[in-house]
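Colleague: Next comes work13.pdb, PDB, C-alpha atoms and all ligand atoms:
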```pdb
ATOM      1  CA  MET X   1      -3.299 -31.035 -19.172  1.00  0.00           C
ATOM      2  CA  ALA X   2      -6.865 -29.804 -18.627  1.00  0.00           C
ATOM      3  CA  ILE X   3      -8.284 -27.898 -21.601  1.00  0.00           C
ATOM      4  CA  PHE X   4     -10.537 -24.916 -20.858  1.00  0.00           C
ATOM      5  CA  ASP X   5     -14.047 -25.782 -21.961  1.00  0.00           C
ATOM      6  CA  HIS X   6     -16.157 -22.755 -22.832  1.00  0.00           C
ATOM      7  CA  PHE X   7     -19.350 -24.706 -22.294  1.00  0.00           C
ATOM      8  CA  ASP X   8     -18.428 -25.825 -18.779  1.00  0.00           C
ATOM      9  CA  PHE X   9     -18.019 -22.137 -17.999  1.00  0.00           C
ATOM     10  CA  LEU X  10     -21.172 -21.014 -19.856  1.00  0.00           C
ATOM     11  CA  ALA X  11     -23.461 -23.820 -18.650  1.00  0.00           C
ATOM     12  CA  PRO X  12     -25.197 -22.038 -15.730  1.00  0.00           C
ATOM     13  CA  ILE X  13     -26.022 -18.978 -17.865  1.00  0.00           C
ATOM     14  CA  TYR X  14     -26.339 -20.631 -21.278  1.00  0.00           C
ATOM     15  CA  GLU X  15     -30.129 -20.474 -21.506  1.00  0.00           C
ATOM     16  CA  THR X  16     -30.154 -16.845 -20.364  1.00  0.00           C
ATOM     17  CA  PHE X  17     -28.413 -15.962 -23.613  1.00  0.00           C
ATOM     18  CA  ILE X  18     -29.770 -18.727 -25.835  1.00  0.00           C
ATOM     19  CA  PRO X  19     -33.331 -19.093 -24.607  1.00  0.00           C
ATOM     20  CA  ALA X  20     -35.499 -22.172 -25.055  1.00  0.00           C
ATOM     21  CA  ARG X  21     -37.796 -21.998 -28.044  1.00  0.00           C
ATOM     22  CA  GLY X  22     -40.847 -23.799 -29.405  1.00  0.00           C
ATOM     23  CA  PRO X  23     -39.931 -26.900 -31.378  1.00  0.00           C
ATOM     24  CA  ASP X  24     -42.579 -26.718 -34.143  1.00  0.00           C
ATOM     25  CA  ALA X  25     -40.201 -26.253 -37.092  1.00  0.00           C
ATOM     26  CA  LEU X  26     -37.848 -28.931 -35.803  1.00  0.00           C
ATOM     27  CA  VAL X  27     -40.691 -31.374 -35.138  1.00  0.00           C
ATOM     28  CA  ALA X  28     -41.763 -31.030 -38.765  1.00  0.00           C
ATOM     29  CA  LEU X  29     -38.224 -31.265 -40.155  1.00  0.00           C
ATOM     30  CA  ALA X  30     -37.355 -34.298 -38.035  1.00  0.00           C
ATOM     31  CA  GLY X  31     -40.620 -36.065 -38.906  1.00  0.00           C
ATOM     32  CA  LEU X  32     -41.719 -36.416 -35.288  1.00  0.00           C
ATOM     33  CA  PRO X  33     -43.312 -38.071 -33.397  1.00  0.00           C
ATOM     34  CA  VAL X  34     -41.743 -41.526 -33.626  1.00  0.00           C
ATOM     35  CA  HIS X  35     -41.955 -44.659 -31.450  1.00  0.00           C
ATOM     36  CA  GLY X  36     -38.207 -45.238 -31.359  1.00  0.00           C
ATOM     37  CA  ALA X  37     -35.383 -43.371 -29.636  1.00  0.00           C
ATOM     38  CA  LEU X  38     -34.202 -39.867 -30.409  1.00  0.00           C
ATOM     39  CA  LEU X  39     -30.629 -38.702 -29.850  1.00  0.00           C
ATOM     40  CA  ASP X  40     -29.834 -35.026 -29.338  1.00  0.00           C
ATOM     41  CA  ALA X  41     -26.115 -35.003 -30.166  1.00  0.00           C
ATOM     42  CA  GLY X  42     -24.233 -32.145 -28.500  1.00  0.00           C
ATOM     43  CA  GLY X  43     -27.559 -31.475 -26.793  1.00  0.00           C
ATOM     44  CA  GLY X  44     -26.055 -29.431 -23.958  1.00  0.00           C
ATOM     45  CA  THR X  45     -28.534 -28.246 -21.329  1.00  0.00           C
ATOM     46  CA  GLY X  46     -31.437 -30.084 -22.973  1.00  0.00           C
ATOM     47  CA  ARG X  47     -32.731 -26.711 -24.145  1.00  0.00           C
ATOM     48  CA  VAL X  48     -34.245 -28.305 -27.261  1.00  0.00           C
ATOM     49  CA  ALA X  49     -34.651 -31.921 -26.106  1.00  0.00           C
ATOM     50  CA  GLN X  50     -36.969 -30.926 -23.243  1.00  0.00           C
ATOM     51  CA  PHE X  51     -39.682 -30.148 -25.812  1.00  0.00           C
ATOM     52  CA  LEU X  52     -39.313 -33.490 -27.570  1.00  0.00           C
ATOM     53  CA  ARG X  53     -39.946 -35.822 -24.602  1.00  0.00           C
ATOM     54  CA  ASP X  54     -43.421 -36.766 -25.796  1.00  0.00           C
ATOM     55  CA  LYS X  55     -42.310 -36.975 -29.431  1.00  0.00           C
ATOM     56  CA  ALA X  56     -40.150 -40.123 -29.202  1.00  0.00           C
ATOM     57  CA  GLY X  57     -39.991 -43.343 -27.184  1.00  0.00           C
ATOM     58  CA  ASN X  58     -36.807 -42.204 -25.452  1.00  0.00           C
ATOM     59  CA  VAL X  59     -34.935 -38.924 -25.631  1.00  0.00           C
ATOM     60  CA  ILE X  60     -31.184 -39.103 -25.015  1.00  0.00           C
ATOM     61  CA  VAL X  61     -28.909 -36.076 -24.737  1.00  0.00           C
ATOM     62  CA  ALA X  62     -25.230 -36.772 -25.425  1.00  0.00           C
ATOM     63  CA  ASP X  63     -22.706 -34.050 -24.673  1.00  0.00           C
ATOM     64  CA  LEU X  64     -19.051 -33.611 -23.883  1.00  0.00           C
ATOM     65  CA  SER X  65     -19.577 -31.020 -21.130  1.00  0.00           C
ATOM     66  CA  ARG X  66     -20.550 -32.429 -17.730  1.00  0.00           C
ATOM     67  CA  LYS X  67     -21.649 -28.974 -16.628  1.00  0.00           C
ATOM     68  CA  MET X  68     -24.033 -28.605 -19.586  1.00  0.00           C
ATOM     69  CA  LEU X  69     -25.437 -32.050 -18.739  1.00  0.00           C
ATOM     70  CA  ALA X  70     -25.800 -31.000 -15.086  1.00  0.00           C
ATOM     71  CA  GLU X  71     -28.163 -28.273 -16.291  1.00  0.00           C
ATOM     72  CA  ALA X  72     -30.009 -30.841 -18.420  1.00  0.00           C
ATOM     73  CA  SER X  73     -30.403 -33.074 -15.356  1.00  0.00           C
ATOM     74  CA  GLN X  74     -32.766 -30.465 -13.905  1.00  0.00           C
ATOM     75  CA  LYS X  75     -35.196 -31.203 -16.739  1.00  0.00           C
ATOM     76  CA  GLU X  76     -37.287 -34.325 -16.280  1.00  0.00           C
ATOM     77  CA  GLY X  77     -37.549 -37.206 -18.661  1.00  0.00           C
ATOM     78  CA  LEU X  78     -34.210 -36.910 -20.474  1.00  0.00           C
ATOM     79  CA  ARG X  79     -31.510 -39.593 -20.457  1.00  0.00           C
ATOM     80  CA  LEU X  80     -28.072 -38.047 -20.311  1.00  0.00           C
ATOM     81  CA  VAL X  81     -24.829 -39.458 -21.679  1.00  0.00           C
ATOM     82  CA  ASN X  82     -21.434 -37.820 -21.250  1.00  0.00           C
ATOM     83  CA  SER X  83     -19.711 -38.543 -24.541  1.00  0.00           C
ATOM     84  CA  HIS X  84     -18.048 -36.843 -27.440  1.00  0.00           C
ATOM     85  CA  THR X  85     -19.895 -37.243 -30.714  1.00  0.00           C
ATOM     86  CA  GLU X  86     -16.818 -38.617 -32.449  1.00  0.00           C
ATOM     87  CA  GLY X  87     -17.215 -41.894 -30.530  1.00  0.00           C
ATOM     88  CA  LEU X  88     -20.684 -42.595 -29.186  1.00  0.00           C
ATOM     89  CA  PRO X  89     -21.364 -45.458 -26.741  1.00  0.00           C
ATOM     90  CA  PHE X  90     -24.381 -46.760 -28.698  1.00  0.00           C
ATOM     91  CA  SER X  91     -24.909 -49.756 -30.946  1.00  0.00           C
ATOM     92  CA  ASP X  92     -25.391 -49.484 -34.701  1.00  0.00           C
ATOM     93  CA  GLY X  93     -28.861 -48.286 -35.662  1.00  0.00           C
ATOM     94  CA  ALA X  94     -29.897 -47.444 -32.081  1.00  0.00           C
ATOM     95  CA  PHE X  95     -31.824 -44.278 -32.970  1.00  0.00           C
ATOM     96  CA  GLU X  96     -34.817 -43.629 -35.174  1.00  0.00           C
ATOM     97  CA  ARG X  97     -34.115 -39.902 -35.108  1.00  0.00           C
ATOM     98  CA  ILE X  98     -30.979 -37.858 -34.425  1.00  0.00           C
ATOM     99  CA  ILE X  99     -30.816 -34.092 -34.107  1.00  0.00           C
ATOM    100  CA  MET X 100     -27.708 -31.939 -33.744  1.00  0.00           C
ATOM    101  CA  ILE X 101     -28.509 -28.318 -33.030  1.00  0.00           C
ATOM    102  CA  ASP X 102     -25.900 -25.564 -33.160  1.00  0.00           C
ATOM    103  CA  ALA X 103     -23.181 -28.016 -32.154  1.00  0.00           C
ATOM    104  CA  LEU X 104     -21.474 -29.315 -35.317  1.00  0.00           C
ATOM    105  CA  HIS X 105     -19.271 -26.221 -35.618  1.00  0.00           C
ATOM    106  CA  HIS X 106     -18.010 -26.859 -32.070  1.00  0.00           C
ATOM    107  CA  VAL X 107     -16.851 -30.453 -32.429  1.00  0.00           C
ATOM    108  CA  ILE X 108     -13.205 -31.196 -33.152  1.00  0.00           C
ATOM    109  CA  ASP X 109     -13.775 -33.673 -35.973  1.00  0.00           C
ATOM    110  CA  GLN X 110     -16.861 -32.970 -38.050  1.00  0.00           C
ATOM    111  CA  ARG X 111     -16.412 -35.775 -40.573  1.00  0.00           C
ATOM    112  CA  HIS X 112     -15.882 -38.310 -37.825  1.00  0.00           C
ATOM    113  CA  THR X 113     -18.916 -36.977 -35.925  1.00  0.00           C
ATOM    114  CA  LEU X 114     -21.227 -37.263 -38.926  1.00  0.00           C
ATOM    115  CA  THR X 115     -19.943 -40.763 -39.726  1.00  0.00           C
ATOM    116  CA  GLU X 116     -20.603 -41.777 -36.122  1.00  0.00           C
ATOM    117  CA  LEU X 117     -24.113 -40.261 -36.148  1.00  0.00           C
ATOM    118  CA  TRP X 118     -24.812 -42.162 -39.355  1.00  0.00           C
ATOM    119  CA  ARG X 119     -23.652 -45.408 -37.739  1.00  0.00           C
ATOM    120  CA  VAL X 120     -26.048 -45.072 -34.798  1.00  0.00           C
ATOM    121  CA  LEU X 121     -28.971 -43.965 -37.008  1.00  0.00           C
ATOM    122  CA  ALA X 122     -31.406 -46.792 -37.790  1.00  0.00           C
ATOM    123  CA  PRO X 123     -32.202 -47.759 -41.384  1.00  0.00           C
ATOM    124  CA  GLY X 124     -35.270 -45.705 -42.337  1.00  0.00           C
ATOM    125  CA  GLY X 125     -34.249 -43.060 -39.766  1.00  0.00           C
ATOM    126  CA  ARG X 126     -33.561 -39.352 -40.122  1.00  0.00           C
ATOM    127  CA  LEU X 127     -30.728 -37.064 -39.058  1.00  0.00           C
ATOM    128  CA  VAL X 128     -31.289 -33.299 -38.823  1.00  0.00           C
ATOM    129  CA  VAL X 129     -28.271 -31.008 -38.439  1.00  0.00           C
ATOM    130  CA  GLU X 130     -29.127 -27.401 -37.620  1.00  0.00           C
ATOM    131  CA  GLU X 131     -26.363 -24.841 -37.981  1.00  0.00           C
ATOM    132  CA  PRO X 132     -26.153 -21.067 -38.309  1.00  0.00           C
ATOM    133  CA  ASP X 133     -26.055 -20.517 -42.070  1.00  0.00           C
ATOM    134  CA  LEU X 134     -22.545 -19.419 -42.965  1.00  0.00           C
ATOM    135  CA  ARG X 135     -23.866 -17.982 -46.247  1.00  0.00           C
ATOM    136  CA  THR X 136     -25.462 -15.074 -44.310  1.00  0.00           C
ATOM    137  CA  PHE X 137     -23.653 -11.919 -43.185  1.00  0.00           C
ATOM    138  CA  GLY X 138     -24.860 -12.232 -39.566  1.00  0.00           C
ATOM    139  CA  VAL X 139     -23.374 -15.705 -39.260  1.00  0.00           C
ATOM    140  CA  LYS X 140     -20.085 -14.583 -40.803  1.00  0.00           C
ATOM    141  CA  LEU X 141     -19.922 -12.011 -37.949  1.00  0.00           C
ATOM    142  CA  LEU X 142     -20.831 -14.708 -35.410  1.00  0.00           C
ATOM    143  CA  ALA X 143     -18.061 -16.939 -36.750  1.00  0.00           C
ATOM    144  CA  LEU X 144     -15.591 -14.077 -36.348  1.00  0.00           C
ATOM    145  CA  ALA X 145     -16.805 -13.355 -32.792  1.00  0.00           C
ATOM    146  CA  GLU X 146     -16.408 -17.023 -31.799  1.00  0.00           C
ATOM    147  CA  LYS X 147     -12.916 -17.037 -33.276  1.00  0.00           C
ATOM    148  CA  LEU X 148     -11.985 -13.947 -31.243  1.00  0.00           C
ATOM    149  CA  ALA X 149     -13.372 -15.682 -28.141  1.00  0.00           C
ATOM    150  CA  LEU X 150     -11.008 -18.584 -28.941  1.00  0.00           C
ATOM    151  CA  MET X 151     -13.965 -20.951 -29.173  1.00  0.00           C
ATOM    152  CA  ARG X 152     -12.299 -23.291 -31.662  1.00  0.00           C
ATOM    153  CA  SER X 153     -15.433 -23.106 -33.799  1.00  0.00           C
ATOM    154  CA  HIS X 154     -15.295 -24.236 -37.393  1.00  0.00           C
ATOM    155  CA  PHE X 155     -18.418 -23.305 -39.336  1.00  0.00           C
ATOM    156  CA  LEU X 156     -19.309 -25.168 -42.496  1.00  0.00           C
ATOM    157  CA  ALA X 157     -21.736 -24.019 -45.173  1.00  0.00           C
ATOM    158  CA  PRO X 158     -24.799 -26.305 -45.489  1.00  0.00           C
ATOM    159  CA  THR X 159     -23.527 -27.652 -48.802  1.00  0.00           C
ATOM    160  CA  GLN X 160     -20.257 -28.657 -47.093  1.00  0.00           C
ATOM    161  CA  ILE X 161     -22.209 -30.477 -44.371  1.00  0.00           C
ATOM    162  CA  ALA X 162     -24.289 -32.202 -47.040  1.00  0.00           C
ATOM    163  CA  ALA X 163     -21.075 -33.257 -48.807  1.00  0.00           C
ATOM    164  CA  LEU X 164     -19.830 -34.904 -45.599  1.00  0.00           C
ATOM    165  CA  LEU X 165     -23.077 -36.907 -45.523  1.00  0.00           C
ATOM    166  CA  ASP X 166     -22.309 -38.431 -48.879  1.00  0.00           C
ATOM    167  CA  PHE X 167     -23.109 -41.989 -47.756  1.00  0.00           C
ATOM    168  CA  PRO X 168     -24.477 -44.445 -50.346  1.00  0.00           C
ATOM    169  CA  ASP X 169     -27.664 -44.935 -48.312  1.00  0.00           C
ATOM    170  CA  ALA X 170     -28.276 -41.210 -47.638  1.00  0.00           C
ATOM    171  CA  ARG X 171     -30.796 -38.884 -49.272  1.00  0.00           C
ATOM    172  CA  VAL X 172     -29.914 -35.331 -48.251  1.00  0.00           C
ATOM    173  CA  ARG X 173     -31.714 -32.016 -48.588  1.00  0.00           C
ATOM    174  CA  ILE X 174     -31.085 -28.489 -47.289  1.00  0.00           C
ATOM    175  CA  GLU X 175     -33.640 -26.069 -45.823  1.00  0.00           C
ATOM    176  CA  ALA X 176     -32.829 -22.529 -44.728  1.00  0.00           C
ATOM    177  CA  SER X 177     -34.299 -19.576 -42.856  1.00  0.00           C
ATOM    178  CA  SER X 178     -32.846 -16.081 -42.574  1.00  0.00           C
ATOM    179  CA  PHE X 179     -30.241 -17.264 -40.018  1.00  0.00           C
ATOM    180  CA  ASN X 180     -30.201 -21.063 -39.699  1.00  0.00           C
ATOM    181  CA  ALA X 181     -29.872 -23.886 -42.178  1.00  0.00           C
ATOM    182  CA  TRP X 182     -30.950 -27.486 -41.715  1.00  0.00           C
ATOM    183  CA  VAL X 183     -29.337 -30.424 -43.423  1.00  0.00           C
ATOM    184  CA  VAL X 184     -31.855 -33.256 -43.381  1.00  0.00           C
ATOM    185  CA  ALA X 185     -30.552 -36.732 -44.206  1.00  0.00           C
ATOM    186  CA  ASP X 186     -32.775 -39.776 -44.603  1.00  0.00           C
ATOM    187  CA  LYS X 187     -31.205 -43.224 -44.316  1.00  0.00           C
ATOM    188  CA  ALA X 188     -32.525 -45.840 -46.712  1.00  0.00           C
ATOM    189  CA  ALA X 189     -34.764 -48.392 -45.005  1.00  0.00           C
ATOM    190  CA  GLY X 190     -33.302 -51.536 -46.515  1.00  0.00           C
ATOM    191  CA  ARG X 191     -30.210 -52.859 -48.255  1.00  0.00           C
ATOM    192  CA  LEU X 192     -29.297 -50.904 -51.382  1.00  0.00           C
TER
HETATM  193  C1  LIG X 201     -23.817 -24.152 -28.686  1.00  0.00           C
HETATM  194  S1  LIG X 201     -24.024 -25.554 -27.646  1.00  0.00           S
HETATM  195  C2  LIG X 201     -25.559 -26.190 -28.267  1.00  0.00           C
HETATM  196  C3  LIG X 201     -26.271 -27.037 -27.252  1.00  0.00           C
HETATM  197  C4  LIG X 201     -27.659 -27.512 -27.671  1.00  0.00           C
HETATM  198  N1  LIG X 201     -27.600 -28.317 -28.866  1.00  0.00           N
HETATM  199  C5  LIG X 201     -28.571 -26.328 -27.875  1.00  0.00           C
HETATM  200  O1  LIG X 201     -28.945 -26.062 -29.026  1.00  0.00           O
HETATM  201  O2  LIG X 201     -28.912 -25.697 -26.894  1.00  0.00           O
HETATM  202  C6  LIG X 201     -22.849 -26.729 -28.288  1.00  0.00           C
HETATM  203  C7  LIG X 201     -22.739 -27.988 -27.462  1.00  0.00           C
HETATM  204  O3  LIG X 201     -21.887 -28.910 -28.127  1.00  0.00           O
HETATM  205  C8  LIG X 201     -21.146 -29.594 -27.137  1.00  0.00           C
HETATM  206  N2  LIG X 201     -19.962 -30.193 -27.767  1.00  0.00           N
HETATM  207  C9  LIG X 201     -18.891 -29.568 -28.308  1.00  0.00           C
HETATM  208  N3  LIG X 201     -18.047 -30.468 -28.838  1.00  0.00           N
HETATM  209  C10 LIG X 201     -18.599 -31.685 -28.616  1.00  0.00           C
HETATM  210  C11 LIG X 201     -18.203 -33.010 -28.944  1.00  0.00           C
HETATM  211  N4  LIG X 201     -17.084 -33.272 -29.628  1.00  0.00           N
HETATM  212  N5  LIG X 201     -19.015 -34.033 -28.556  1.00  0.00           N
HETATM  213  C12 LIG X 201     -20.169 -33.787 -27.883  1.00  0.00           C
HETATM  214  N6  LIG X 201     -20.587 -32.550 -27.564  1.00  0.00           N
HETATM  215  C13 LIG X 201     -19.815 -31.513 -27.928  1.00  0.00           C
HETATM  216  C14 LIG X 201     -20.819 -28.544 -26.108  1.00  0.00           C
HETATM  217  O4  LIG X 201     -20.438 -29.090 -24.871  1.00  0.00           O
HETATM  218  C15 LIG X 201     -22.136 -27.781 -26.073  1.00  0.00           C
HETATM  219  O5  LIG X 201     -23.007 -28.289 -25.105  1.00  0.00           O
END
```
Could you spell out this file's structure in structure tokens?
Ligand SMILES: C[S@@+](CC[C@H](N)C(=O)[O-])C[C@H]1O[C@@H](n2cnc3c(N)ncnc32)[C@H](O)[C@@H]1O
Modeller:
Amino acid sequence: MAIFDHFDFLAPIYETFIPARGPDALVALAGLPVHGALLDAGGGTGRVAQFLRDKAGNVIVADLSRKMLAEASQKEGLRLVNSHTEGLPFSDGAFERIIMIDALHHVIDQRHTLTELWRVLAPGGRLVVEEPDLRTFGVKLLALAEKLALMRSHFLAPTQIAALLDFPDARVRIEASSFNAWVVADKAAGRL
């Protein structure tokens, strides 16, 4: 049975409502530029990745929605992969940087997703998860609105995301603005 995918439906108008934005804060948080590959997990239309093309050796957008990726295909210089984040078609340690922007609350299995992102992150690499900060009133309203729209969203507070990144080789910190929070996880460079 086909499951209705909100993002397939929203894809053509997505960036009208969620416009592209300058990447300066993200570039600093992700420690860019790097020589290696960058994965934008749940990267959708490439709204964010398009600004990072000259900041990494390769920029790959992985997303479940073919329609979101079709929008991304109109932006040059991105490699697109149709995959769910719970099982990525990449080898261990393939990426020097991984970002996941506004997507973790949409995936079905958050623990599995973060474990998979950690697997494909290279030793010495960095993962940045950006999410609306559930500790703020505005995001509590957003979470309610997405529930009413039957979006299957499941928001986690930044501390809950950090707890899921409790890997022995992870060093995790949290940054926050008035709306978003970033969980930044560095993977140890060598054997522990
Ligand atoms: C709110 S959009 C964010 C897109 C992009 N990161 C941005 O900031 O513009 C969430 C994205 O997550 C994708 N998504 C949801 N569940 C997913 C999963 N399990 N695996 C991969 N992508 C998923 C959706 O298709 C959608 O493109």
Colleague: Can you work out the spacing between atom CA of X:Glu146 and atom CA of X:Ala181 in Å, to one decimal?
Modeller: 18.3 Å
Colleague: Applying the PyMOL selection byres (((chain X and resi 123) around 7) and not hetatm) to the file I just gave you, which residues come out? Please list them as a PyMOL selection string.
Modeller: chain X and resi 93+121-122+124-125+187-190
Colleague: Nearest residue to X:Gly44 out of X:Asp102, X:Asp133, X:Glu86, X:Asp92, using only C-alpha atoms?
Modeller: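 That would be X:Asp102, the residue with the smallest distance to X:Gly44.
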Colleague: Atom C9 of ligand LIG 201 (chain X) to atom CA of X:Ile108: how many Å, to one decimal?
Modeller: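 Calculated distance between atom C9 of ligand LIG 201 (chain X) and atom CA of X:Ile108 is 7.6 Å.
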Colleague: Could you tell me how far atom CA of X:Ala25 lies from atom CA of X:Ala37, in Å and to one decimal?
Modeller: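 These two atoms are separated by 19.3 Å.
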Colleague: The PyMOL selection byres (((chain X and resi 136) around 12) and not hetatm) on the file shown: which residues, as a ChimeraX atom specification?
Modeller: /X:131-135,137-143,155-158,176-181
Colleague: Check which residues satisfy the PyMOL selection byres (((not hetatm)) within 9 of (chain X and resi 201)) in the file shown, then give them as a PDB file with C-alpha atoms, in the coordinates of the input.
Modeller:
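What follows is the written file part.pdb:
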```
ATOM      1  CA  ASP X   5     -14.047 -25.782 -21.961  1.00  0.00           C
ATOM      2  CA  HIS X   6     -16.157 -22.755 -22.832  1.00  0.00           C
ATOM      3  CA  PHE X   7     -19.350 -24.706 -22.294  1.00  0.00           C
ATOM      4  CA  ASP X   8     -18.428 -25.825 -18.779  1.00  0.00           C
ATOM      5  CA  ALA X  11     -23.461 -23.820 -18.650  1.00  0.00           C
ATOM      6  CA  TYR X  14     -26.339 -20.631 -21.278  1.00  0.00           C
ATOM      7  CA  GLU X  15     -30.129 -20.474 -21.506  1.00  0.00           C
ATOM      8  CA  ILE X  18     -29.770 -18.727 -25.835  1.00  0.00           C
ATOM      9  CA  PRO X  19     -33.331 -19.093 -24.607  1.00  0.00           C
ATOM     10  CA  ALA X  20     -35.499 -22.172 -25.055  1.00  0.00           C
ATOM     11  CA  ASP X  40     -29.834 -35.026 -29.338  1.00  0.00           C
ATOM     12  CA  ALA X  41     -26.115 -35.003 -30.166  1.00  0.00           C
ATOM     13  CA  GLY X  42     -24.233 -32.145 -28.500  1.00  0.00           C
ATOM     14  CA  GLY X  43     -27.559 -31.475 -26.793  1.00  0.00           C
ATOM     15  CA  GLY X  44     -26.055 -29.431 -23.958  1.00  0.00           C
ATOM     16  CA  THR X  45     -28.534 -28.246 -21.329  1.00  0.00           C
ATOM     17  CA  GLY X  46     -31.437 -30.084 -22.973  1.00  0.00           C
ATOM     18  CA  ARG X  47     -32.731 -26.711 -24.145  1.00  0.00           C
ATOM     19  CA  VAL X  48     -34.245 -28.305 -27.261  1.00  0.00           C
ATOM     20  CA  ALA X  49     -34.651 -31.921 -26.106  1.00  0.00           C
ATOM     21  CA  VAL X  61     -28.909 -36.076 -24.737  1.00  0.00           C
ATOM     22  CA  ALA X  62     -25.230 -36.772 -25.425  1.00  0.00           C
ATOM     23  CA  ASP X  63     -22.706 -34.050 -24.673  1.00  0.00           C
ATOM     24  CA  LEU X  64     -19.051 -33.611 -23.883  1.00  0.00           C
ATOM     25  CA  SER X  65     -19.577 -31.020 -21.130  1.00  0.00           C
ATOM     26  CA  ARG X  66     -20.550 -32.429 -17.730  1.00  0.00           C
ATOM     27  CA  LYS X  67     -21.649 -28.974 -16.628  1.00  0.00           C
ATOM     28  CA  MET X  68     -24.033 -28.605 -19.586  1.00  0.00           C
ATOM     29  CA  LEU X  69     -25.437 -32.050 -18.739  1.00  0.00           C
ATOM     30  CA  ASN X  82     -21.434 -37.820 -21.250  1.00  0.00           C
ATOM     31  CA  SER X  83     -19.711 -38.543 -24.541  1.00  0.00           C
ATOM     32  CA  HIS X  84     -18.048 -36.843 -27.440  1.00  0.00           C
ATOM     33  CA  THR X  85     -19.895 -37.243 -30.714  1.00  0.00           C
ATOM     34  CA  GLU X  86     -16.818 -38.617 -32.449  1.00  0.00           C
ATOM     35  CA  GLY X  87     -17.215 -41.894 -30.530  1.00  0.00           C
ATOM     36  CA  LEU X  88     -20.684 -42.595 -29.186  1.00  0.00           C
ATOM     37  CA  ILE X  99     -30.816 -34.092 -34.107  1.00  0.00           C
ATOM     38  CA  MET X 100     -27.708 -31.939 -33.744  1.00  0.00           C
ATOM     39  CA  ILE X 101     -28.509 -28.318 -33.030  1.00  0.00           C
ATOM     40  CA  ASP X 102     -25.900 -25.564 -33.160  1.00  0.00           C
ATOM     41  CA  ALA X 103     -23.181 -28.016 -32.154  1.00  0.00           C
ATOM     42  CA  LEU X 104     -21.474 -29.315 -35.317  1.00  0.00           C
ATOM     43  CA  HIS X 105     -19.271 -26.221 -35.618  1.00  0.00           C
ATOM     44  CA  HIS X 106     -18.010 -26.859 -32.070  1.00  0.00           C
ATOM     45  CA  VAL X 107     -16.851 -30.453 -32.429  1.00  0.00           C
ATOM     46  CA  ILE X 108     -13.205 -31.196 -33.152  1.00  0.00           C
ATOM     47  CA  ASP X 109     -13.775 -33.673 -35.973  1.00  0.00           C
ATOM     48  CA  GLN X 110     -16.861 -32.970 -38.050  1.00  0.00           C
ATOM     49  CA  THR X 113     -18.916 -36.977 -35.925  1.00  0.00           C
ATOM     50  CA  GLU X 130     -29.127 -27.401 -37.620  1.00  0.00           C
TER      51      GLU X 130
END
```
Colleague: For stretch 139-143 of chain X, take all atoms listed in the file, fit an axis-aligned box around them, add 4 Å to each of the six sides, then output centre and edge lengths in Å rounded to one decimal, as AutoDock Vina command-line options.
Modeller:
```
--center_x -20.7 --center_y -14.5 --center_z -38.1 --size_x 13.3 --size_y 12.9 --size_z 13.4
```
Colleague: Measuring atom to atom with all atoms listed in the file, identify which of X:Arg53, X:His154, X:Arg119, X:Arg171 is nearest to X:Phe90.
Modeller: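 Closest candidate: X:Arg119.
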Colleague: As a short mmCIF file (atom, residue, chain, number, x, y, z; two decimals) with C-alpha atoms, in the frame of the given file, please: the residues near X:Arg126 (cut-off 10 Å, only C-alpha atoms, same-chain neighbours under 4 positions excluded).
Modeller:
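The resulting file, part_18.cif, is reproduced below:
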```cif
data_model
loop_
_atom_site.label_atom_id
_atom_site.label_comp_id
_atom_site.auth_asym_id
_atom_site.auth_seq_id
_atom_site.Cartn_x
_atom_site.Cartn_y
_atom_site.Cartn_z
CA LEU X 29 -38.22 -31.26 -40.16
CA ALA X 30 -37.35 -34.30 -38.03
CA GLY X 31 -40.62 -36.06 -38.91
CA LEU X 32 -41.72 -36.42 -35.29
CA LEU X 38 -34.20 -39.87 -30.41
CA PHE X 95 -31.82 -44.28 -32.97
CA GLU X 96 -34.82 -43.63 -35.17
CA ARG X 97 -34.12 -39.90 -35.11
CA ILE X 98 -30.98 -37.86 -34.42
CA ILE X 99 -30.82 -34.09 -34.11
CA TRP X 118 -24.81 -42.16 -39.35
CA LEU X 121 -28.97 -43.96 -37.01
CA ALA X 122 -31.41 -46.79 -37.79
CA ALA X 170 -28.28 -41.21 -47.64
CA ARG X 171 -30.80 -38.88 -49.27
CA VAL X 172 -29.91 -35.33 -48.25
CA VAL X 184 -31.86 -33.26 -43.38
CA ALA X 185 -30.55 -36.73 -44.21
CA ASP X 186 -32.78 -39.78 -44.60
CA LYS X 187 -31.20 -43.22 -44.32
CA ALA X 188 -32.52 -45.84 -46.71
#
```
Colleague: So, with all atoms listed in the file as the atoms that count, which of X:Val128, X:Leu117, X:Leu144, X:Ala28 lies closest to X:Ile174?
Modeller: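 The answer is X:Val128, which sits nearest to X:Ile174.
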Colleague: Go through X:Leu150, X:Glu116, X:Lys55, X:Arg21 one by one, measure the shortest atom-to-atom distance of each to X:Leu165 using all atoms listed in the file, and give the residue with the smallest value.
Modeller: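 Of all the options, X:Glu116 lies closest to X:Leu165.
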